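Structure file start39.txt (compact mmCIF, C-alpha atoms) is printed below.
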# COMPACT_ATOMS: atom_id res chain seq x y z
CA MET E 673 0.00 0.00 0.00
CA LEU E 674 2.78 2.37 0.98
CA SER E 675 4.76 1.75 -2.19
CA THR E 676 1.63 2.33 -4.26
CA ALA E 677 1.01 5.58 -2.41
CA ILE E 678 4.58 6.75 -3.05
CA VAL E 679 4.49 6.13 -6.80
CA VAL E 680 1.08 7.77 -7.17
CA PHE E 681 2.21 10.68 -4.99
CA ARG E 682 5.23 11.39 -7.16
CA GLU E 683 3.19 11.41 -10.36
CA VAL E 684 0.38 13.50 -8.87
CA LEU E 685 2.81 15.94 -7.27
CA GLU E 686 4.18 17.15 -10.59
CA ALA E 687 0.74 17.93 -11.99
CA ALA E 688 -0.40 19.41 -8.66
CA LEU E 689 2.52 21.87 -8.48
CA VAL E 690 2.02 23.04 -12.05
CA ILE E 691 -1.71 23.48 -11.54
CA GLY E 692 -1.14 25.23 -8.19
CA ILE E 693 0.97 27.93 -9.86
CA VAL E 694 -1.41 28.42 -12.74
CA LEU E 695 -4.40 28.69 -10.42
CA ALA E 696 -2.62 31.29 -8.32
CA ALA E 697 -1.92 33.27 -11.50
CA THR E 698 -5.53 33.28 -12.66
CA GLN E 699 -7.26 34.57 -9.55
CA GLU E 700 -9.29 37.16 -11.38
CA MET E 701 -10.74 34.97 -14.05
CA PRO E 702 -14.54 34.85 -13.95
CA TYR E 703 -16.33 31.51 -14.03
CA ARG E 704 -12.95 30.05 -13.18
CA ARG E 705 -14.43 27.23 -11.14
CA PHE E 706 -16.38 25.97 -14.12
CA TRP E 707 -13.39 25.98 -16.46
CA VAL E 708 -11.05 24.48 -13.87
CA SER E 709 -13.49 21.64 -13.18
CA LEU E 710 -13.88 21.07 -16.88
CA GLY E 711 -10.10 20.91 -17.23
CA PHE E 712 -9.85 18.41 -14.39
CA MET E 713 -12.50 16.12 -15.84
CA GLY E 714 -11.11 16.41 -19.33
CA GLY E 715 -7.65 15.60 -17.99
CA LEU E 716 -8.85 12.51 -16.15
CA ALA E 717 -10.73 11.26 -19.19
CA GLY E 718 -7.69 12.04 -21.34
CA ALA E 719 -5.39 10.14 -18.96
CA GLY E 720 -7.62 7.08 -19.29
CA LEU E 721 -7.62 7.36 -23.07
CA VAL E 722 -3.85 7.83 -23.31
CA ALA E 723 -3.33 4.79 -21.06
CA LEU E 724 -5.78 2.77 -23.14
CA PHE E 725 -4.00 3.64 -26.37
CA ALA E 726 -0.50 3.64 -24.87
CA GLY E 727 0.50 0.70 -27.05
CA THR E 728 -0.67 2.41 -30.22
CA ILE E 729 0.98 5.69 -29.28
CA ALA E 730 4.25 3.89 -28.48
CA GLN E 731 4.34 2.21 -31.87
CA ALA E 732 3.73 5.38 -33.86
CA ALA E 733 6.63 7.26 -35.48
CA PHE E 734 8.85 4.16 -35.74
CA GLY E 735 8.55 3.37 -32.05
CA MET E 736 9.17 6.92 -30.90
CA GLY E 737 5.51 7.90 -30.59
CA GLN E 738 5.64 8.14 -26.81
CA GLU E 739 8.50 10.64 -26.88
CA LEU E 740 6.87 12.71 -29.60
CA PHE E 741 3.56 12.68 -27.78
CA ASN E 742 5.19 13.88 -24.55
CA ALA E 743 7.21 16.51 -26.38
CA LEU E 744 4.05 17.72 -28.13
CA VAL E 745 2.03 17.95 -24.92
CA LEU E 746 4.88 19.79 -23.18
CA SER E 747 5.38 22.18 -26.12
CA LEU E 748 1.68 22.98 -26.18
CA ALA E 749 1.81 23.68 -22.45
CA VAL E 750 4.83 25.96 -22.96
CA CYS E 751 2.99 27.93 -25.65
CA MET E 752 -0.04 28.35 -23.41
CA LEU E 753 2.06 29.49 -20.46
CA GLY E 754 3.94 31.93 -22.68
CA TRP E 755 0.74 33.29 -24.16
CA HIS E 756 -0.75 33.67 -20.69
CA THR E 757 2.21 35.62 -19.31
CA VAL E 758 2.37 37.99 -22.27
CA TRP E 759 -1.40 38.44 -22.27
CA MET E 760 -1.45 39.13 -18.54
CA SER E 761 1.36 41.67 -18.67
CA HIS E 762 -0.54 43.41 -21.47
CA HIS E 763 -3.66 43.71 -19.37
CA VAL E 764 -1.97 44.56 -16.12
CA GLN E 765 -0.37 47.50 -17.89
CA GLN E 766 -3.74 48.64 -19.20
CA LEU E 767 -5.31 48.21 -15.81
CA SER E 768 -2.81 50.42 -14.08
CA VAL E 769 -3.43 53.25 -16.51
CA GLN E 770 -7.00 53.01 -17.57
CA VAL E 771 -10.28 53.00 -15.75
CA ARG E 772 -11.08 50.28 -13.33
CA ALA E 773 -14.37 49.49 -15.06
CA LEU E 774 -12.42 48.00 -17.94
CA ARG E 775 -11.15 45.29 -15.63
CA GLN E 776 -14.22 43.14 -15.86
CA ALA E 777 -14.44 43.38 -19.63
CA ILE E 778 -10.83 42.43 -20.00
CA VAL E 779 -10.76 39.40 -17.75
CA GLU E 780 -13.93 38.11 -19.28
CA GLU E 781 -12.16 37.25 -22.46
CA ALA E 782 -13.31 33.70 -22.85
CA GLY E 783 -10.16 32.54 -24.58
CA ALA E 784 -8.09 32.76 -21.43
CA ALA E 785 -10.50 30.62 -19.46
CA LYS E 786 -10.59 27.95 -22.14
CA MET E 787 -6.82 27.99 -22.28
CA LEU E 788 -6.69 27.46 -18.53
CA ALA E 789 -9.01 24.46 -18.80
CA LEU E 790 -6.94 22.95 -21.61
CA PHE E 791 -3.70 23.53 -19.74
CA ILE E 792 -4.98 21.77 -16.62
CA ALA E 793 -6.28 18.92 -18.76
CA LEU E 794 -2.85 18.51 -20.40
CA ALA E 795 -1.02 18.54 -17.06
CA ILE E 796 -3.31 15.85 -15.64
CA LEU E 797 -3.34 13.78 -18.80
CA ARG E 798 0.44 13.45 -19.01
CA GLU E 799 1.07 12.35 -15.42
CA GLY E 800 -2.31 10.69 -14.99
CA SER E 801 -1.86 8.20 -17.82
CA GLU E 802 1.21 6.81 -16.05
CA VAL E 803 -0.72 6.43 -12.81
CA VAL E 804 -3.43 4.54 -14.69
CA LEU E 805 -0.90 2.16 -16.28
CA PHE E 806 0.85 1.62 -12.95
CA LEU E 807 -2.37 0.87 -11.06
CA TYR E 808 -3.60 -1.33 -13.89
CA GLY E 809 -0.45 -3.44 -13.67
CA LEU E 810 -0.80 -3.81 -9.94
CA SER E 811 -4.49 -4.68 -10.09
CA VAL E 812 -3.89 -7.42 -12.65
CA GLU E 813 -1.36 -9.15 -10.44
CA SER E 814 -1.74 -8.49 -6.76
CA GLY E 815 -5.51 -8.47 -6.74
CA GLY E 816 -5.55 -6.67 -3.37
CA ALA E 817 -8.07 -4.17 -4.62
CA LEU E 818 -8.60 -2.47 -1.27
CA ASN E 819 -4.89 -1.98 -0.63
CA LEU E 820 -4.47 -0.64 -4.11
CA LEU E 821 -7.36 1.75 -3.86
CA LEU E 822 -6.21 2.97 -0.47
CA GLY E 823 -2.62 3.44 -1.61
CA GLY E 824 -3.76 5.28 -4.71
CA LEU E 825 -6.05 7.55 -2.74
CA ILE E 826 -3.38 8.36 -0.12
CA GLY E 827 -0.88 9.21 -2.87
CA LEU E 828 -3.44 11.32 -4.68
CA ALA E 829 -4.47 13.16 -1.50
CA LEU E 830 -0.87 13.90 -0.51
CA GLY E 831 -0.01 15.19 -3.99
CA VAL E 832 -3.08 17.41 -4.14
CA LEU E 833 -2.31 18.67 -0.61
CA VAL E 834 1.19 19.82 -1.62
CA GLY E 835 -0.24 21.54 -4.69
CA LEU E 836 -2.82 23.24 -2.48
CA PHE E 837 -0.11 24.41 -0.06
CA LEU E 838 1.82 25.92 -2.94
CA TYR E 839 -1.32 27.64 -4.24
CA LEU E 840 -2.26 29.07 -0.83
CA GLY E 841 1.37 29.92 -0.09
CA ILE E 842 1.69 32.01 -3.25
CA LEU E 843 -1.54 33.84 -2.50
CA ARG E 844 -0.67 34.44 1.15
CA PHE E 845 2.91 35.57 0.81
CA SER E 846 2.77 37.60 -2.36
CA THR E 847 -0.52 39.47 -2.25
CA LYS E 848 1.21 42.75 -3.08
CA HIS E 849 3.33 41.35 -5.86
CA LEU E 850 1.08 38.50 -6.95
CA PHE E 851 1.40 39.34 -10.62
CA THR E 852 5.18 39.60 -10.58
CA VAL E 853 5.65 36.45 -8.51
CA THR E 854 3.27 34.29 -10.56
CA SER E 855 4.66 35.66 -13.82
CA TRP E 856 8.18 34.63 -12.88
CA MET E 857 7.05 31.25 -11.64
CA ILE E 858 5.24 30.65 -14.90
CA LEU E 859 8.23 31.78 -16.95
CA LEU E 860 10.51 29.34 -15.12
CA LEU E 861 7.89 26.61 -15.39
CA ALA E 862 7.64 27.18 -19.14
CA ALA E 863 11.41 27.16 -19.59
CA GLY E 864 11.70 23.90 -17.62
CA MET E 865 8.94 22.29 -19.67
CA ALA E 866 10.59 23.36 -22.91
CA SER E 867 13.85 21.78 -21.77
CA GLN E 868 11.97 18.58 -20.86
CA ALA E 869 10.36 18.56 -24.30
CA ALA E 870 13.80 18.92 -25.87
CA ASN E 871 15.01 15.97 -23.83
CA TYR E 872 12.15 13.81 -25.12
CA LEU E 873 13.18 14.71 -28.67
CA VAL E 874 16.76 13.75 -27.83
CA GLN E 875 15.47 10.45 -26.44
CA ALA E 876 13.50 9.93 -29.66
CA ASP E 877 16.74 10.58 -31.51
CA TRP E 878 15.22 13.51 -33.34
CA LEU E 879 17.57 16.07 -31.83
CA ASN E 880 21.23 16.07 -30.95
CA PRO E 881 21.96 16.73 -27.26
CA LEU E 882 25.05 18.68 -28.48
CA TYR E 883 26.89 17.79 -25.28
CA THR E 884 25.72 15.52 -22.46
CA ASN E 885 26.19 16.04 -18.71
CA VAL E 886 27.27 19.67 -18.89
CA TRP E 887 27.38 19.46 -15.12
CA ASP E 888 26.67 16.69 -12.63
CA SER E 889 25.06 17.78 -9.38
CA SER E 890 23.47 14.40 -8.72
CA ALA E 891 25.69 13.89 -5.67
CA ILE E 892 24.47 17.13 -4.06
CA LEU E 893 20.87 17.24 -5.17
CA PRO E 894 19.70 14.18 -7.09
CA GLU E 895 16.73 14.68 -9.42
CA GLY E 896 15.21 11.51 -8.02
CA SER E 897 14.97 13.01 -4.52
CA LEU E 898 11.83 14.78 -3.38
CA LEU E 899 13.41 18.25 -3.39
CA GLY E 900 15.18 17.57 -6.68
CA GLY E 901 11.92 16.40 -8.22
CA VAL E 902 10.00 19.43 -6.97
CA LEU E 903 12.67 21.79 -8.32
CA HIS E 904 12.66 19.85 -11.57
CA THR E 905 8.97 20.62 -11.94
CA LEU E 906 9.05 24.20 -10.66
CA ILE E 907 12.16 25.64 -12.31
CA GLY E 908 13.32 22.84 -14.61
CA TYR E 909 16.20 21.68 -12.41
CA GLU E 910 18.31 18.93 -13.99
CA ASP E 911 21.15 17.19 -12.21
CA ARG E 912 22.80 16.19 -15.50
CA PRO E 913 21.55 18.47 -18.28
CA SER E 914 22.60 18.36 -21.90
CA ALA E 915 23.82 21.49 -23.65
CA LEU E 916 20.68 21.42 -25.79
CA GLN E 917 18.46 21.50 -22.71
CA ILE E 918 20.32 24.50 -21.31
CA LEU E 919 20.11 26.24 -24.68
CA VAL E 920 16.37 25.58 -25.01
CA TYR E 921 15.77 26.60 -21.39
CA PHE E 922 17.39 30.01 -21.71
CA THR E 923 16.07 30.62 -25.23
CA THR E 924 12.53 30.05 -23.99
CA LEU E 925 13.08 32.19 -20.91
CA GLY E 926 14.71 34.99 -22.93
CA THR E 927 12.06 34.97 -25.66
CA LEU E 928 9.22 35.16 -23.17
CA ILE E 929 10.85 37.96 -21.17
CA LEU E 930 11.49 39.94 -24.37
CA LEU E 931 7.88 39.42 -25.48
CA MET E 932 6.64 40.57 -22.07
CA LYS E 933 8.81 43.66 -22.00
CA GLY E 934 7.94 44.45 -25.62
CA VAL E 935 4.22 44.29 -24.91
CA GLN E 936 4.59 46.43 -21.80
CA LYS E 937 6.60 49.07 -23.64
CA LYS E 938 4.12 49.24 -26.51
CA ASP E 939 1.24 49.53 -24.08
CA ALA E 940 2.97 52.24 -22.10
CA LYS E 941 3.45 54.26 -25.29
CA LYS E 942 -0.15 53.75 -26.31
CA SER E 943 -1.57 54.79 -22.98
CA LYS E 944 0.70 57.84 -22.87
CA ALA E 945 -0.57 58.87 -26.29
CA ALA E 946 -4.15 58.26 -25.23
CA LEU E 947 -3.61 60.28 -22.08
CA GLY E 948 -2.09 63.12 -24.10
CA ALA E 949 -5.02 63.15 -26.52
CA SER E 950 -7.60 63.29 -23.75
CA LEU E 951 -5.86 66.23 -22.12
CA MET M 582 24.58 38.51 -52.59
CA THR M 583 21.78 39.52 -50.31
CA PRO M 584 22.38 39.09 -46.58
CA VAL M 585 19.95 36.18 -46.53
CA PHE M 586 22.11 34.18 -48.92
CA ARG M 587 25.20 35.02 -46.99
CA LEU M 588 23.56 33.49 -43.93
CA LEU M 589 22.72 30.27 -45.76
CA PRO M 590 25.92 28.33 -44.92
CA PHE M 591 25.44 29.13 -41.24
CA LEU M 592 21.83 28.02 -41.33
CA LEU M 593 22.82 24.78 -43.04
CA ALA M 594 25.60 24.18 -40.55
CA SER M 595 23.36 24.78 -37.57
CA PHE M 596 20.75 22.49 -39.09
CA LEU M 597 23.30 19.69 -39.42
CA LEU M 598 24.34 20.26 -35.84
CA PHE M 599 20.82 19.54 -34.63
CA LEU M 600 20.34 16.39 -36.70
CA PRO M 601 20.07 13.16 -34.71
CA PRO M 602 23.43 11.56 -34.09
CA SER M 603 22.13 8.17 -35.26
CA LEU M 604 22.38 9.47 -38.80
CA TRP M 605 26.08 9.84 -38.27
CA ALA M 606 26.87 6.54 -36.60
CA GLN M 607 25.01 3.41 -35.66
CA ASP M 608 26.92 1.35 -33.14
CA GLY M 609 25.15 -1.86 -32.44
CA GLU M 610 22.05 -3.07 -30.69
CA PHE M 611 21.73 -4.40 -27.13
CA ARG M 612 18.88 -6.22 -25.46
CA LEU M 613 17.43 -5.92 -21.99
CA LEU M 614 14.67 -8.27 -20.84
CA ILE M 615 12.00 -7.63 -18.24
CA ARG M 616 10.76 -10.87 -16.71
CA ASN M 617 8.81 -11.19 -13.45
CA HIS M 618 9.49 -7.48 -12.83
CA ARG M 619 13.24 -8.02 -12.93
CA PHE M 620 15.76 -6.95 -15.51
CA GLU M 621 17.88 -9.50 -17.33
CA PRO M 622 20.77 -8.97 -17.27
CA VAL M 623 20.83 -6.94 -14.06
CA LYS M 624 24.20 -5.57 -15.11
CA LEU M 625 24.43 -4.72 -18.77
CA LYS M 626 27.80 -3.95 -20.33
CA LEU M 627 27.93 -1.30 -23.04
CA PRO M 628 30.84 0.12 -25.02
CA ALA M 629 32.13 3.56 -24.09
CA HIS M 630 31.92 6.65 -26.34
CA LYS M 631 29.45 5.00 -28.66
CA LYS M 632 25.81 5.53 -29.34
CA VAL M 633 23.89 2.29 -28.87
CA LYS M 634 20.36 1.14 -29.55
CA LEU M 635 18.90 -0.56 -26.49
CA LEU M 636 15.96 -2.89 -27.04
CA VAL M 637 13.92 -3.24 -23.84
CA ILE M 638 11.70 -6.29 -24.11
CA ASN M 639 8.88 -6.69 -21.59
CA GLU M 640 7.85 -10.34 -21.27
CA ASP M 641 5.47 -9.62 -18.41
CA GLU M 642 1.76 -9.09 -18.94
CA THR M 643 1.84 -5.74 -17.17
CA PRO M 644 3.27 -2.40 -18.25
CA GLU M 645 6.59 -1.15 -16.92
CA GLU M 646 8.41 2.15 -17.15
CA PHE M 647 12.08 1.96 -18.04
CA GLU M 648 13.60 4.94 -16.26
CA SER M 649 17.07 6.24 -15.46
CA HIS M 650 18.07 9.51 -13.88
CA ASP M 651 21.69 8.70 -14.67
CA LEU M 652 20.91 8.41 -18.37
CA ASN M 653 18.09 10.97 -18.53
CA ARG M 654 15.71 8.41 -19.99
CA GLU M 655 12.07 7.59 -19.26
CA LYS M 656 9.84 5.37 -21.36
CA VAL M 657 6.83 3.14 -20.78
CA VAL M 658 6.96 -0.46 -22.08
CA MET M 659 3.55 -2.03 -22.36
CA GLY M 660 3.03 -5.67 -21.38
CA LYS M 661 4.27 -8.23 -23.91
CA SER M 662 5.94 -5.60 -26.06
CA GLN M 663 9.21 -3.83 -26.61
CA ILE M 664 10.69 -0.36 -26.95
CA VAL M 665 13.84 1.16 -28.38
CA VAL M 666 15.91 3.52 -26.27
CA TYR M 667 18.95 5.24 -27.76
CA ILE M 668 21.75 5.64 -25.26
CA GLY M 669 25.06 7.40 -25.29
CA PRO M 670 27.74 8.14 -26.29
CA LEU M 671 28.69 7.56 -22.65
CA LYS M 672 31.85 7.94 -20.63
CA PRO M 673 33.04 4.83 -18.77
CA GLY M 674 31.21 4.36 -15.49
CA ASN M 675 28.10 2.90 -13.89
CA TYR M 676 24.62 4.11 -14.78
CA LYS M 677 21.65 2.92 -12.73
CA PHE M 678 18.24 2.29 -14.24
CA PHE M 679 14.98 1.02 -12.80
CA GLY M 680 11.42 0.02 -13.53
CA ASP M 681 9.31 2.79 -12.10
CA PHE M 682 6.23 0.60 -11.69
CA ASN M 683 8.05 -2.15 -9.75
CA LEU M 684 10.77 -0.35 -7.82
CA LYS M 685 11.31 -3.16 -5.32
CA THR M 686 12.49 -5.69 -7.87
CA ALA M 687 13.17 -3.90 -11.13
CA GLN M 688 16.63 -2.43 -10.54
CA GLY M 689 19.61 -2.63 -12.84
CA GLU M 690 22.82 -1.04 -13.91
CA ILE M 691 24.56 -0.27 -17.17
CA ILE M 692 28.31 -0.67 -16.97
CA VAL M 693 30.11 1.31 -19.61
CA GLN M 694 33.66 0.20 -20.33
Can you present the structure in this file as structure tokens?
Amino acid sequence: MLSTAIVVFREVLEAALVIGIVLAATQEMPYRRFWVSLGFMGGLAGAGLVALFAGTIAQAAFGMGQELFNALVLSLAVCMLGWHTVWMSHHVQQLSVQVRALRQAIVEEAGAAKMLALFIALAILREGSEVVLFLYGLSVESGGALNLLLGGLIGLALGVLVGLFLYLGILRFSTKHLFTVTSWMILLLAAGMASQAANYLVQADWLNPLYTNVWDSSAILPEGSLLGGVLHTLIGYEDRPSALQILVYFTTLGTLILLMKGVQKKDAKKSKAALGASL
Amino acid sequence: MTPVFRLLPFLLASFLLFLPPSLWAQDGEFRLLIRNHRFEPVKLKLPAHKKVKLLVINEDETPEEFESHDLNREKVVMGKSQIVVYIGPLKPGNYKFFGDFNLKTAQGEIIVQ
């Protein structure tokens, strides 16, 4: 039971952390509960489907379907995170200058809410399908259905709890700078995911790692440890990264920061001009 | 020449750089069995400084996940099926791997010489 709980916990944790950050960043979104629930249900259904068709996915693309699928899901998630950060910085800028009444109209843009739902679904689907396969294997052999169920539930509850702590922690300790804090967390999350996607493409033999083990910090902070795993999810920590991963990580980070700053500058100019015209 | 054409050699070169290494060199195939949630062989010897194709064959009915932090690899193998994992080129040394769904029994090591 304990070993089941541990495996499930580790898989759930990754999704829970990611979702915790994204939820903290989307406080203002109206009808959020509806879209979040939809994302959760879609993700669970998706996890079941991916597990069901795992064999088919694996055999696609000359046996590299699994890697490509993971890389695709991660890349999609990176795009959504990037879009969200740029979009948010755009609107925060407008909010600070323009009338408060605009706020509602802006956050009601339905696209953002749908994106949130899809992002949550993707996060759950990727980790969830592995949980399904793992539990399926156990149920076929050990037969101890109660133990299995209990272990799974404990792991799930613990993972969700950590995600919840992160969510509440962000809200509690960064109320004044919520936007800045969540933006940076999302940027780092996106960069880490991009580097993970690159690693899947290396594993699929589609990309060259350029140079492996640029550093080795596995003796100090192994990626397999709890802290290493959490940092891996949150900021893309790798104990033995390839040069390609580092390149992709900083390219993603740099591109998103430039986009953010660009949008903010443009907005600042616009609002200045608007202000000048109204005077 | 326009600047775009002048850039062409660099673009080509960078494209080649990102091509998969398997197109450059194919250095043999190795097999790893999963039977009763154990790896066979438990210690697998691989050549150093070479890229190898590792065939992981799952003879069990249940799925397993071949995973290694040392090698930066992670791939599910369904029951009664097999996967290909490209590994290396590696420096000499020991690289642990494990089956994530059966951690108690599925432990192994690649020894690169």
Nearest to Gly831 in chain E among E:Ala749, E:Leu898, E:Ala696, E:Ala817, with distances taken over all atoms listed in the file: which residue is it? E:Leu898
Considering only C-alpha atoms, extract the chain M residues located within 10 Å of chain E and return them as a ChimeraX atom specification. /M:597-604,641-646,649-660,662-672,681-685
Generate a file of the selected residues that holds C-alpha atoms, formatted as a short mmCIF file (atom, residue, chain, number, x, y, z; two decimals), keeping the file's coordinate frame.
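Output (part.cif):
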data_model
loop_
_atom_site.label_atom_id
_atom_site.label_comp_id
_atom_site.auth_asym_id
_atom_site.auth_seq_id
_atom_site.Cartn_x
_atom_site.Cartn_y
_atom_site.Cartn_z
CA LEU M 597 23.30 19.69 -39.42
CA LEU M 598 24.34 20.26 -35.84
CA PHE M 599 20.82 19.54 -34.63
CA LEU M 600 20.34 16.39 -36.70
CA PRO M 601 20.07 13.16 -34.71
CA PRO M 602 23.43 11.56 -34.09
CA SER M 603 22.13 8.17 -35.26
CA LEU M 604 22.38 9.47 -38.80
CA ASP M 641 5.47 -9.62 -18.41
CA GLU M 642 1.76 -9.09 -18.94
CA THR M 643 1.84 -5.74 -17.17
CA PRO M 644 3.27 -2.40 -18.25
CA GLU M 645 6.59 -1.15 -16.92
CA GLU M 646 8.41 2.15 -17.15
CA SER M 649 17.07 6.24 -15.46
CA HIS M 650 18.07 9.51 -13.88
CA ASP M 651 21.69 8.70 -14.67
CA LEU M 652 20.91 8.41 -18.37
CA ASN M 653 18.09 10.97 -18.53
CA ARG M 654 15.71 8.41 -19.99
CA GLU M 655 12.07 7.59 -19.26
CA LYS M 656 9.84 5.37 -21.36
CA VAL M 657 6.83 3.14 -20.78
CA VAL M 658 6.96 -0.46 -22.08
CA MET M 659 3.55 -2.03 -22.36
CA GLY M 660 3.03 -5.67 -21.38
CA SER M 662 5.94 -5.60 -26.06
CA GLN M 663 9.21 -3.83 -26.61
CA ILE M 664 10.69 -0.36 -26.95
CA VAL M 665 13.84 1.16 -28.38
CA VAL M 666 15.91 3.52 -26.27
CA TYR M 667 18.95 5.24 -27.76
CA ILE M 668 21.75 5.64 -25.26
CA GLY M 669 25.06 7.40 -25.29
CA PRO M 670 27.74 8.14 -26.29
CA LEU M 671 28.69 7.56 -22.65
CA LYS M 672 31.85 7.94 -20.63
CA ASP M 681 9.31 2.79 -12.10
CA PHE M 682 6.23 0.60 -11.69
CA ASN M 683 8.05 -2.15 -9.75
CA LEU M 684 10.77 -0.35 -7.82
CA LYS M 685 11.31 -3.16 -5.32
#
Can you pull out every residue within 7 Å of His618 in chain M, counting all atoms listed in the file, but drop anything in the same chain fewer than 3 positions away, and send it as a PyMOL selection string? chain M and resi 615+683+686-687
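Atom pair CA of Val935 in chain E / CA of Trp759 in chain E: separated by 8.5 Å.
Using only C-alpha atoms, the contacts of Ile691 in chain M at a cut-off of 10 Å, with sequence neighbours closer than 6 positions omitted, comprise M:Pro622, M:Val623, M:Lys624, M:Leu625, M:Lys626, M:Leu627, M:Asp651, M:Leu652, M:Gly674, M:Asn675, M:Tyr676, M:Lys677, M:Phe678.
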Which value, in Å to one decimal, gives the distance between CA of Pro673 in chain M and CA of Thr905 in chain E? 29.6 Å
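Between CA of Arg844 in chain E and CA of Tyr703 in chain E lies a distance of 22.0 Å.
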I'd like the neighbourhood of Ile907 in chain E as a PDB file with C-alpha atoms, in the frame of the given file, where a residue qualifies if any of its atoms comes within 12 Å (using only C-alpha atoms), though same-chain residues fewer than 6 positions away should be ignored.
ATOM      1  CA  GLU E 686       4.180  17.150 -10.590  1.00  0.00           C
ATOM      2  CA  LEU E 689       2.520  21.870  -8.480  1.00  0.00           C
ATOM      3  CA  VAL E 690       2.020  23.040 -12.050  1.00  0.00           C
ATOM      4  CA  ILE E 693       0.970  27.930  -9.860  1.00  0.00           C
ATOM      5  CA  TRP E 856       8.180  34.630 -12.880  1.00  0.00           C
ATOM      6  CA  MET E 857       7.050  31.250 -11.640  1.00  0.00           C
ATOM      7  CA  ILE E 858       5.240  30.650 -14.900  1.00  0.00           C
ATOM      8  CA  LEU E 859       8.230  31.780 -16.950  1.00  0.00           C
ATOM      9  CA  LEU E 860      10.510  29.340 -15.120  1.00  0.00           C
ATOM     10  CA  LEU E 861       7.890  26.610 -15.390  1.00  0.00           C
ATOM     11  CA  ALA E 862       7.640  27.180 -19.140  1.00  0.00           C
ATOM     12  CA  ALA E 863      11.410  27.160 -19.590  1.00  0.00           C
ATOM     13  CA  GLY E 864      11.700  23.900 -17.620  1.00  0.00           C
ATOM     14  CA  MET E 865       8.940  22.290 -19.670  1.00  0.00           C
ATOM     15  CA  ALA E 866      10.590  23.360 -22.910  1.00  0.00           C
ATOM     16  CA  SER E 867      13.850  21.780 -21.770  1.00  0.00           C
ATOM     17  CA  GLN E 868      11.970  18.580 -20.860  1.00  0.00           C
ATOM     18  CA  LEU E 899      13.410  18.250  -3.390  1.00  0.00           C
ATOM     19  CA  GLY E 900      15.180  17.570  -6.680  1.00  0.00           C
ATOM     20  CA  GLY E 901      11.920  16.400  -8.220  1.00  0.00           C
ATOM     21  CA  TYR E 921      15.770  26.600 -21.390  1.00  0.00           C
ATOM     22  CA  PHE E 922      17.390  30.010 -21.710  1.00  0.00           C
ATOM     23  CA  LEU E 925      13.080  32.190 -20.910  1.00  0.00           C
TER      24      LEU E 925
END
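Among E:Met760, E:Leu919, E:Leu674, E:Ala795, the residue with the shortest atom-to-atom distance to Leu716 in chain E, counting only C-alpha atoms, is E:Ala795.
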